[in-house]
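Participant: Just so it is clear, I am handing over final-v3.cif, which has mmCIF, C-alpha atoms.
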```cif
data_coords
#
loop_
_atom_site.label_atom_id
_atom_site.label_comp_id
_atom_site.auth_asym_id
_atom_site.auth_seq_id
_atom_site.Cartn_x
_atom_site.Cartn_y
_atom_site.Cartn_z
CA MET A 37 69.43 116.41 116.12
CA SER A 38 69.85 116.93 112.42
CA HIS A 39 72.51 115.18 110.44
CA GLY A 40 73.74 114.88 106.87
CA VAL A 41 76.47 115.91 104.47
CA HIS A 42 75.80 119.65 104.71
CA ASP A 43 75.58 119.80 108.49
CA THR A 44 79.14 120.95 109.28
CA ALA A 45 78.47 124.31 110.99
CA GLN A 46 79.53 123.00 114.38
CA ALA A 47 82.80 121.47 113.21
CA ARG A 48 85.55 122.05 115.77
CA PHE A 49 88.42 121.60 113.30
CA ALA A 50 88.93 123.67 110.15
CA PRO A 51 90.56 122.39 106.96
CA GLY A 52 94.33 122.40 107.47
CA ALA A 53 94.15 121.85 111.23
CA ARG A 54 96.77 119.46 112.62
CA VAL A 55 95.11 116.76 114.65
CA ARG A 56 96.08 113.64 116.54
CA VAL A 57 93.96 110.52 116.63
CA LYS A 58 93.33 109.41 120.19
CA PRO A 59 95.65 106.54 121.03
CA GLY A 60 93.21 104.44 123.03
CA ARG A 61 92.22 100.84 122.33
CA PRO A 62 89.00 100.71 124.33
CA GLU A 63 87.87 97.57 122.50
CA ARG A 64 90.37 95.67 124.63
CA ILE A 65 88.17 96.30 127.65
CA ALA A 66 84.67 95.76 126.26
CA PRO A 67 83.03 94.67 122.99
CA MET A 68 82.83 97.71 120.70
CA HIS A 69 82.22 98.67 117.10
CA LEU A 70 84.82 101.31 116.22
CA ARG A 71 85.35 102.84 112.79
CA THR A 72 88.77 104.29 113.60
CA PRO A 73 91.48 101.99 112.19
CA HIS A 74 94.20 100.86 114.60
CA TYR A 75 96.99 101.94 112.31
CA VAL A 76 96.27 105.64 112.84
CA ARG A 77 95.57 105.58 116.59
CA GLY A 78 97.97 108.08 118.16
CA ARG A 79 99.08 109.36 114.73
CA GLU A 80 99.12 112.99 113.58
CA GLY A 81 97.34 114.10 110.45
CA VAL A 82 95.80 117.13 108.77
CA VAL A 83 92.09 117.80 108.43
CA ALA A 84 91.12 117.91 104.75
CA ARG A 85 87.52 118.95 105.43
CA ALA A 86 84.41 118.20 107.45
CA LEU A 87 82.25 115.68 105.57
CA GLY A 88 79.02 116.16 107.48
CA ARG A 89 77.39 114.99 110.67
CA PHE A 90 76.29 111.39 111.11
CA PRO A 91 74.85 109.25 113.91
CA ASN A 92 77.68 107.72 115.92
CA PRO A 93 78.18 104.17 114.56
CA GLU A 94 79.59 103.07 117.92
CA ASP A 95 76.04 103.35 119.29
CA LEU A 96 74.13 102.30 116.17
CA ALA A 97 75.97 98.97 116.11
CA PHE A 98 74.44 98.09 119.49
CA GLY A 99 70.93 99.24 118.64
CA ARG A 100 71.26 102.50 120.58
CA PRO A 101 70.26 105.83 119.04
CA GLY A 102 73.46 107.33 117.67
CA GLU A 103 74.15 110.93 118.62
CA PRO A 104 75.14 112.80 115.44
CA ARG A 105 78.87 113.58 115.35
CA ILE A 106 80.97 115.57 112.91
CA LEU A 107 82.86 113.34 110.47
CA TYR A 108 86.14 114.55 108.92
CA HIS A 109 88.44 113.54 106.13
CA VAL A 110 91.88 113.45 107.73
CA GLU A 111 95.05 112.94 105.70
CA PHE A 112 98.16 111.21 107.05
CA ASP A 113 101.62 110.99 105.52
CA GLN A 114 102.07 107.36 104.68
CA PRO A 115 105.73 106.64 105.58
CA PRO A 116 105.47 107.54 109.31
CA VAL A 117 102.42 105.30 109.70
CA TRP A 118 104.03 102.18 108.28
CA GLY A 119 107.75 102.85 108.54
CA GLU A 120 107.94 102.32 104.77
CA GLY A 121 106.54 103.78 101.59
CA GLU A 122 107.20 106.73 99.34
CA VAL A 123 107.57 110.28 100.62
CA GLY A 124 104.55 112.30 99.47
CA ASP A 125 102.14 109.37 99.49
CA THR A 126 99.25 109.74 101.92
CA VAL A 127 96.28 107.95 103.47
CA LEU A 128 92.94 109.78 103.67
CA ILE A 129 90.50 108.46 106.27
CA GLU A 130 87.02 109.30 107.57
CA ILE A 131 87.32 109.92 111.33
CA PHE A 132 84.70 111.14 113.79
CA GLU A 133 85.39 114.27 115.86
CA HIS A 134 85.39 112.49 119.22
CA TRP A 135 88.45 110.53 118.08
CA LEU A 136 90.46 113.68 117.31
CA GLU A 137 92.43 116.13 119.45
CA GLU A 138 94.55 119.16 118.57
CA ALA A 139 98.12 118.25 117.68
CA MET B 133 80.81 84.77 91.48
CA ALA B 134 80.12 82.63 94.51
CA GLY B 135 78.97 79.05 94.02
CA THR B 136 75.59 77.59 94.96
CA PRO B 137 74.73 78.53 98.55
CA LEU B 138 74.78 75.74 101.14
CA PRO B 139 71.36 74.25 101.96
CA GLU B 140 71.72 75.29 105.60
CA SER B 141 72.40 78.89 104.51
CA VAL B 142 69.25 78.88 102.37
CA GLU B 143 67.27 77.42 105.26
CA LEU B 144 68.62 80.08 107.63
CA LEU B 145 67.76 82.86 105.17
CA ASP B 146 64.21 81.50 104.71
CA LYS B 147 63.70 81.45 108.47
CA LEU B 148 65.04 85.00 108.85
CA VAL B 149 62.83 86.36 106.06
CA ALA B 150 59.79 84.54 107.50
CA ALA B 151 60.49 86.00 110.95
CA LEU B 152 60.90 89.53 109.56
CA LYS B 153 57.64 89.20 107.62
CA ARG B 154 55.83 87.84 110.67
CA ARG B 155 56.92 90.84 112.70
CA GLY B 156 55.93 93.26 109.96
CA VAL B 157 59.51 94.44 109.38
CA LEU B 158 59.32 93.76 105.65
CA VAL B 159 57.03 92.51 102.92
CA GLU B 160 57.87 90.58 99.75
CA GLU B 161 57.75 93.78 97.67
CA ASP B 162 60.59 95.27 99.75
CA ILE B 163 62.83 92.36 98.83
CA ALA B 164 61.89 92.58 95.15
CA ARG B 165 62.56 96.32 95.12
CA CYS B 166 65.98 95.91 96.71
CA GLN B 167 66.88 93.11 94.30
CA THR B 168 65.89 95.23 91.30
CA GLN B 169 67.94 98.14 92.60
CA ALA B 170 70.97 95.94 93.28
CA GLU B 171 70.79 94.34 89.83
CA ARG B 172 70.50 97.73 88.16
CA ALA B 173 73.68 98.98 89.86
CA GLN B 174 76.53 98.25 87.44
CA PRO B 175 79.98 99.78 86.82
CA GLU B 176 78.60 101.22 83.57
CA THR B 177 76.81 103.89 85.61
CA GLY B 178 80.01 105.13 87.21
CA ALA B 179 81.76 104.91 83.85
CA ARG B 180 79.13 107.11 82.19
CA MET B 181 79.44 109.63 85.01
CA VAL B 182 83.21 109.80 84.47
CA ALA B 183 82.81 110.19 80.70
CA ARG B 184 80.29 112.99 81.22
CA ALA B 185 82.63 114.71 83.67
CA TRP B 186 85.46 114.56 81.12
CA LEU B 187 83.28 116.34 78.56
CA ASP B 188 81.14 118.67 80.65
CA PRO B 189 82.89 121.01 83.13
CA GLU B 190 79.62 121.87 84.84
CA PHE B 191 78.81 118.23 85.49
CA ARG B 192 82.38 117.67 86.65
CA ALA B 193 82.01 120.47 89.19
CA LEU B 194 78.71 119.01 90.42
CA MET B 195 80.20 115.53 90.68
CA LEU B 196 83.12 116.74 92.80
CA ARG B 197 80.90 118.94 94.97
CA ASP B 198 78.02 116.51 95.43
CA GLY B 199 78.50 112.98 94.11
CA THR B 200 75.05 111.97 95.31
CA ALA B 201 73.38 114.65 93.16
CA ALA B 202 75.55 113.66 90.18
CA ALA B 203 74.46 110.02 90.55
CA GLU B 204 70.83 111.09 90.80
CA ALA B 205 71.27 113.04 87.56
CA PHE B 206 72.02 109.63 85.98
CA GLY B 207 68.81 108.17 87.36
CA VAL B 208 70.39 106.35 90.31
CA ALA B 209 68.02 106.17 93.30
CA MET B 210 70.22 107.53 96.10
CA ALA B 211 67.55 107.99 98.77
CA GLY B 212 68.64 105.98 101.79
CA ALA B 213 72.01 105.17 100.20
CA PRO B 214 75.25 106.44 101.79
CA PRO B 215 76.45 109.78 100.37
CA LEU B 216 78.75 109.41 97.36
CA GLY B 217 82.08 111.21 97.38
CA VAL B 218 84.15 111.58 94.20
CA LEU B 219 87.96 111.69 94.31
CA GLU B 220 89.58 113.73 91.55
CA ASP B 221 92.80 112.33 90.09
CA THR B 222 95.23 114.82 88.57
CA ASP B 223 98.56 114.64 86.74
CA ARG B 224 100.19 114.71 90.18
CA LEU B 225 97.81 112.67 92.31
CA HIS B 226 96.29 109.18 92.07
CA HIS B 227 93.56 107.85 94.37
CA LEU B 228 93.19 104.22 95.45
CA VAL B 229 90.07 103.17 97.38
CA VAL B 230 90.05 100.44 100.03
CA CYS B 231 87.94 99.59 103.06
CA THR B 232 90.31 98.16 105.66
CA LEU B 233 87.56 97.58 108.23
CA CYS B 234 85.03 95.74 106.04
CA SER B 235 84.00 96.12 102.39
CA CYS B 236 82.49 99.61 101.93
CA TYR B 237 82.20 100.20 98.19
CA PRO B 238 80.20 102.67 96.07
CA ARG B 239 77.62 100.03 95.15
CA ALA B 240 74.98 102.50 93.98
CA VAL B 241 77.13 103.52 91.01
CA ILE B 242 79.43 100.48 90.52
CA GLY B 243 77.40 97.48 91.69
CA TYR B 244 78.72 94.72 93.90
CA PRO B 245 82.43 94.62 94.75
CA PRO B 246 84.66 91.94 93.24
CA HIS B 247 85.97 89.27 95.62
CA TRP B 248 89.49 90.65 95.74
CA TYR B 249 88.17 93.97 97.06
CA LYS B 250 86.80 92.15 100.11
CA SER B 251 89.86 89.95 100.60
CA ALA B 252 92.04 90.36 103.69
CA ALA B 253 95.08 90.61 101.41
CA TYR B 254 93.79 93.60 99.43
CA ARG B 255 92.47 95.35 102.53
CA ALA B 256 95.74 94.93 104.41
CA ARG B 257 98.10 95.64 101.54
CA ALA B 258 96.38 98.48 99.66
CA VAL B 259 96.77 100.77 102.64
CA ARG B 260 100.33 99.72 103.48
CA GLU B 261 102.03 99.13 100.14
CA PRO B 262 99.71 100.72 97.56
CA ARG B 263 102.35 100.96 94.85
CA ALA B 264 103.11 97.24 95.06
CA VAL B 265 99.39 96.45 94.84
CA LEU B 266 98.99 98.79 91.85
CA ALA B 267 101.94 97.10 90.13
CA GLU B 268 100.26 93.71 90.55
CA PHE B 269 97.23 95.13 88.74
CA GLY B 270 99.61 96.22 85.99
CA THR B 271 99.33 99.87 86.96
CA VAL B 272 102.55 101.85 86.86
CA LEU B 273 102.13 105.53 87.65
CA PRO B 274 104.21 108.14 85.82
CA ALA B 275 107.08 109.60 87.86
CA GLY B 276 106.01 112.44 90.13
CA VAL B 277 102.49 111.13 90.76
CA GLN B 278 101.64 110.82 94.46
CA VAL B 279 99.39 108.07 95.74
CA ARG B 280 96.56 108.95 98.10
CA VAL B 281 94.97 105.83 99.55
CA VAL B 282 91.39 106.47 100.64
CA ASP B 283 90.36 104.17 103.47
CA SER B 284 86.56 104.08 103.38
CA THR B 285 85.88 103.83 107.11
CA ALA B 286 82.55 105.52 107.76
CA ASP B 287 79.43 107.03 106.22
CA TYR B 288 80.58 107.96 102.71
CA ARG B 289 81.24 105.75 99.73
CA TRP B 290 84.05 106.82 97.40
CA MET B 291 84.64 106.53 93.68
CA VAL B 292 87.57 107.80 91.64
CA LEU B 293 87.36 110.29 88.78
CA PRO B 294 90.45 109.27 86.78
CA THR B 295 92.30 111.62 84.45
CA ARG B 296 91.25 111.40 80.82
CA PRO B 297 93.93 109.48 78.93
CA ALA B 298 95.78 110.89 75.94
CA GLY B 299 94.58 109.63 72.58
CA THR B 300 90.89 110.16 73.35
CA GLU B 301 90.55 113.61 71.77
CA GLY B 302 87.23 114.04 69.99
CA TRP B 303 85.71 110.86 71.44
CA SER B 304 82.01 110.67 72.22
CA GLU B 305 80.65 110.11 75.71
CA GLU B 306 79.89 106.47 74.79
CA GLN B 307 83.42 105.86 73.52
CA LEU B 308 84.91 107.40 76.66
CA ALA B 309 82.62 105.45 79.00
CA ALA B 310 83.73 102.22 77.31
CA ILE B 311 87.32 102.59 78.55
CA VAL B 312 86.34 103.30 82.18
CA THR B 313 86.27 99.89 83.83
CA ARG B 314 85.11 98.89 87.30
CA ASP B 315 88.74 98.72 88.41
CA CYS B 316 89.38 102.30 87.20
CA LEU B 317 86.55 103.52 89.43
CA VAL B 318 88.33 102.39 92.61
CA GLY B 319 91.76 103.32 91.27
CA VAL B 320 93.50 99.96 90.89
CA THR B 321 93.86 100.56 87.15
CA LEU B 322 93.91 103.54 84.80
CA PRO B 323 91.73 104.02 81.72
CA VAL B 324 93.71 103.37 78.55
CA ALA B 325 92.78 104.56 75.06
CA GLU B 326 93.94 101.29 73.44
CA ASN B 327 91.17 99.29 75.18
CA ALA B 328 88.47 101.02 73.18
CA ARG B 329 90.25 100.66 69.85
CA ILE B 330 90.36 96.91 70.37
CA ALA B 331 86.71 96.86 71.41
CA ALA B 332 85.57 99.10 68.54
#
```
As a first step, turn the structure in this file into structure tokens.
Facilitator:
Amino acid sequence: MSHGVHDTAQARFAPGARVRVKPGRPERIAPMHLRTPHYVRGREGVVARALGRFPNPEDLAFGRPGEPRILYHVEFDQPPVWGEGEVGDTVLIEIFEHWLEEA
Amino acid sequence: MAGTPLPESVELLDKLVAALKRRGVLVEEDIARCQTQAERAQPETGARMVARAWLDPEFRALMLRDGTAAAEAFGVAMAGAPPLGVLEDTDRLHHLVVCTLCSCYPRAVIGYPPHWYKSAAYRARAVREPRAVLAEFGTVLPAGVQVRVVDSTADYRWMVLPTRPAGTEGWSEEQLAAIVTRDCLVGVTLPVAENARIAA
């Protein structure tokens, strides 16, 4: 399958879509390489845009061929994530589609 | 910079390189090429890109649309490098780049990251209390400016396009590039016109 920065045609979420990061912590059960930070697991954010399609790093890290997945920029309000901070400040994070669900 | 590597580290590296050569994974020229490329990557490249973007609206548009192409326009070899994304600061928005998971950094256009960028303290604090971290770098944002922390978690590498400071009207591209430091390019500091006057 093709991949790259321009390969966003199959993106499930459009810019502005409200999404929730899956709350799981599968690395507690088995060794894993996950690029989704803990601090946004289960949190709601807004899709800024699709950034492209890239081989899934969770497979690449173990020497398996990575199936290309859509990568998004997702923006989160900062205060709800940390319970502190200034209203209006945000955190923008690259998150793969299989970690996101509709909010 | 780091000190002299431990003898056992050097020995381990020699063994690894020898094994990779034996298996045909790499040849000496590959190592030399990578070293040349790494040494050529310096913050001056990113600084020149910013200065050009301040002066040339077309280049600015290209840089924001396709950072990789903008870097290539400055002679940076981007083939095989992660795509470069450029974050546009405005009068209302300031970007701060961190990699909480490891040390992702736009090396192709800034060179190697400083030690603090890779420290657990910066990685933990930049994302949680960005304004306190900025203050420790001496950066106080004007009232009404929002902070957007960019956690570099995956395939892109991110650099900041700061706003052009007041007092730089009529400056040349070289003069402008001189006030864009490495720290400005990840958003921990802001370019200041005074820096160049002292340097000039």
Participant: Can you list every residue of chain B that has an atom at most 10 Å from chain A, with its nearest atom pair and the distance in Å to one decimal, using all atoms listed in the file, ordered by chain then number, as CSV?
Facilitator:
```
residue,atom,partner,partner_atom,distance
B:Asp198,CA,A:Val41,CA,9.2
B:Pro214,CA,A:Val41,CA,9.9
B:Pro215,CA,A:Val41,CA,7.4
B:Leu216,CA,A:Val41,CA,9.9
B:Gly217,CA,A:Leu87,CA,9.3
B:Leu225,CA,A:Asp125,CA,9.0
B:His226,CA,A:Asp125,CA,9.5
B:His227,CA,A:Val127,CA,9.5
B:Leu228,CA,A:Val127,CA,9.4
B:Val229,CA,A:Leu128,CA,9.6
B:Cys231,CA,A:Ile129,CA,9.8
B:Thr232,CA,A:Pro73,CA,7.7
B:Leu233,CA,A:Pro73,CA,7.1
B:Cys234,CA,A:Arg71,CA,9.8
B:Val259,CA,A:Val127,CA,7.2
B:Arg260,CA,A:Trp118,CA,6.5
B:Glu261,CA,A:Gly121,CA,6.6
B:Pro262,CA,A:Gly121,CA,8.5
B:Arg263,CA,A:Gly121,CA,8.4
B:Ala264,CA,A:Gly121,CA,9.9
B:Gly276,CA,A:Gly124,CA,9.5
B:Val277,CA,A:Asp125,CA,8.9
B:Gln278,CA,A:Asp125,CA,5.3
B:Val279,CA,A:Asp125,CA,4.8
B:Arg280,CA,A:Thr126,CA,4.7
B:Val281,CA,A:Val127,CA,4.6
B:Val282,CA,A:Leu128,CA,4.7
B:Asp283,CA,A:Ile129,CA,5.1
B:Ser284,CA,A:Ile129,CA,6.6
B:Thr285,CA,A:Glu130,CA,5.6
B:Ala286,CA,A:Glu130,CA,5.9
B:Asp287,CA,A:Phe90,CA,7.3
B:Tyr288,CA,A:Glu130,CA,8.2
```
Participant: Interatomic distance between CA of Gly81 (chain A) and CA of Thr271 (chain B)?
Facilitator: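 Computing it gives 27.5 Å between the two atoms.
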Participant: Could you jot down the CA of Val218 (chain B) to CA of Arg197 (chain B) separation for me, Å, one decimal place?
Facilitator: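 Those two atoms sit 8.1 Å apart.
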Participant: Could you tell me, as a ChimeraX atom specification, exactly which residues end up selected when the PyMOL selection byres ((chain B and resi 190-194) around 12) is applied to this structure?
Facilitator: /B:180-189,195-206,216-220,293-295
Participant: Any chance you can output those residues with C-alpha atoms as a compact mmCIF listing (two decimals), keeping the file's coordinate frame?
Facilitator:
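Contents of selection.txt, as written:
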```txt
# COMPACT_ATOMS: atom_id res chain seq x y z
CA ARG B 180 79.13 107.11 82.19
CA MET B 181 79.44 109.63 85.01
CA VAL B 182 83.21 109.80 84.47
CA ALA B 183 82.81 110.19 80.70
CA ARG B 184 80.29 112.99 81.22
CA ALA B 185 82.63 114.71 83.67
CA TRP B 186 85.46 114.56 81.12
CA LEU B 187 83.28 116.34 78.56
CA ASP B 188 81.14 118.67 80.65
CA PRO B 189 82.89 121.01 83.13
CA MET B 195 80.20 115.53 90.68
CA LEU B 196 83.12 116.74 92.80
CA ARG B 197 80.90 118.94 94.97
CA ASP B 198 78.02 116.51 95.43
CA GLY B 199 78.50 112.98 94.11
CA THR B 200 75.05 111.97 95.31
CA ALA B 201 73.38 114.65 93.16
CA ALA B 202 75.55 113.66 90.18
CA ALA B 203 74.46 110.02 90.55
CA GLU B 204 70.83 111.09 90.80
CA ALA B 205 71.27 113.04 87.56
CA PHE B 206 72.02 109.63 85.98
CA LEU B 216 78.75 109.41 97.36
CA GLY B 217 82.08 111.21 97.38
CA VAL B 218 84.15 111.58 94.20
CA LEU B 219 87.96 111.69 94.31
CA GLU B 220 89.58 113.73 91.55
CA LEU B 293 87.36 110.29 88.78
CA PRO B 294 90.45 109.27 86.78
CA THR B 295 92.30 111.62 84.45
```
Participant: In Å, with one decimal, what is the gap from CA of Ala66 (chain A) to CA of Phe98 (chain A)?
Facilitator: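 Here the two named atoms are 12.5 Å from each other.
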Participant: Name the closest residue to Ala53 (chain A) among the candidates A:Met68, A:Gly78, A:Glu137, A:Gly99; distances are taken between atoms, counting all atoms listed in the file.
Facilitator: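 When distances to Ala53 (chain A) are compared using all atoms listed in the file, the smallest one comes from A:Glu137.
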Participant: For the provided coordinates, the residues matched by the PyMOL selection byres ((chain A and resi 45) around 10) should be stated as a PDB file with C-alpha atoms, keeping the file's coordinate frame.
Facilitator:
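So selection-v8.pdb came out as:
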```pdb
ATOM      1  CA  HIS A  42      75.800 119.650 104.710  1.00  0.00           C
ATOM      2  CA  ASP A  43      75.580 119.800 108.490  1.00  0.00           C
ATOM      3  CA  THR A  44      79.140 120.950 109.280  1.00  0.00           C
ATOM      4  CA  GLN A  46      79.530 123.000 114.380  1.00  0.00           C
ATOM      5  CA  ALA A  47      82.800 121.470 113.210  1.00  0.00           C
ATOM      6  CA  ARG A  48      85.550 122.050 115.770  1.00  0.00           C
ATOM      7  CA  ALA A  86      84.410 118.200 107.450  1.00  0.00           C
ATOM      8  CA  GLY A  88      79.020 116.160 107.480  1.00  0.00           C
ATOM      9  CA  ARG A  89      77.390 114.990 110.670  1.00  0.00           C
ATOM     10  CA  ILE A 106      80.970 115.570 112.910  1.00  0.00           C
TER      11      ILE A 106
END
```
Participant: Might you pull out every residue within 12 Å of region 162-165 of chain B, with only C-alpha atoms counted and same-chain residues fewer than 4 positions away left off, and present them as a PyMOL selection string?
Facilitator: chain B and resi 149+152-153+156-158+169-172+209
Participant: So, counting all atoms listed in the file, which residue among A:His69, A:Arg85, A:Arg61, A:His134 is closest to Pro104 (chain A)?
Facilitator: A:His134
Participant: As a check of understanding, name the residues that the PyMOL selection byres ((chain B and resi 306-308) around 10) selects in the supplied structure, as a compact mmCIF listing (two decimals) with C-alpha atoms, in the frame of the given file.
Facilitator:
```txt
# COMPACT_ATOMS: atom_id res chain seq x y z
CA ALA B 179 81.76 104.91 83.85
CA ARG B 180 79.13 107.11 82.19
CA VAL B 182 83.21 109.80 84.47
CA ALA B 183 82.81 110.19 80.70
CA ARG B 184 80.29 112.99 81.22
CA TRP B 186 85.46 114.56 81.12
CA LEU B 187 83.28 116.34 78.56
CA ARG B 296 91.25 111.40 80.82
CA PRO B 297 93.93 109.48 78.93
CA THR B 300 90.89 110.16 73.35
CA GLU B 301 90.55 113.61 71.77
CA GLY B 302 87.23 114.04 69.99
CA TRP B 303 85.71 110.86 71.44
CA SER B 304 82.01 110.67 72.22
CA GLU B 305 80.65 110.11 75.71
CA ALA B 309 82.62 105.45 79.00
CA ALA B 310 83.73 102.22 77.31
CA ILE B 311 87.32 102.59 78.55
CA VAL B 312 86.34 103.30 82.18
CA PRO B 323 91.73 104.02 81.72
CA VAL B 324 93.71 103.37 78.55
CA ALA B 325 92.78 104.56 75.06
CA ALA B 328 88.47 101.02 73.18
CA ARG B 329 90.25 100.66 69.85
CA ALA B 331 86.71 96.86 71.41
CA ALA B 332 85.57 99.10 68.54
```
Participant: Applying 9 Å and all atoms listed in the file, which residues near Arg79 (chain A) remain after dropping the ones on its own chain fewer than 6 positions away? List them as a count of residues only.
Facilitator: 8
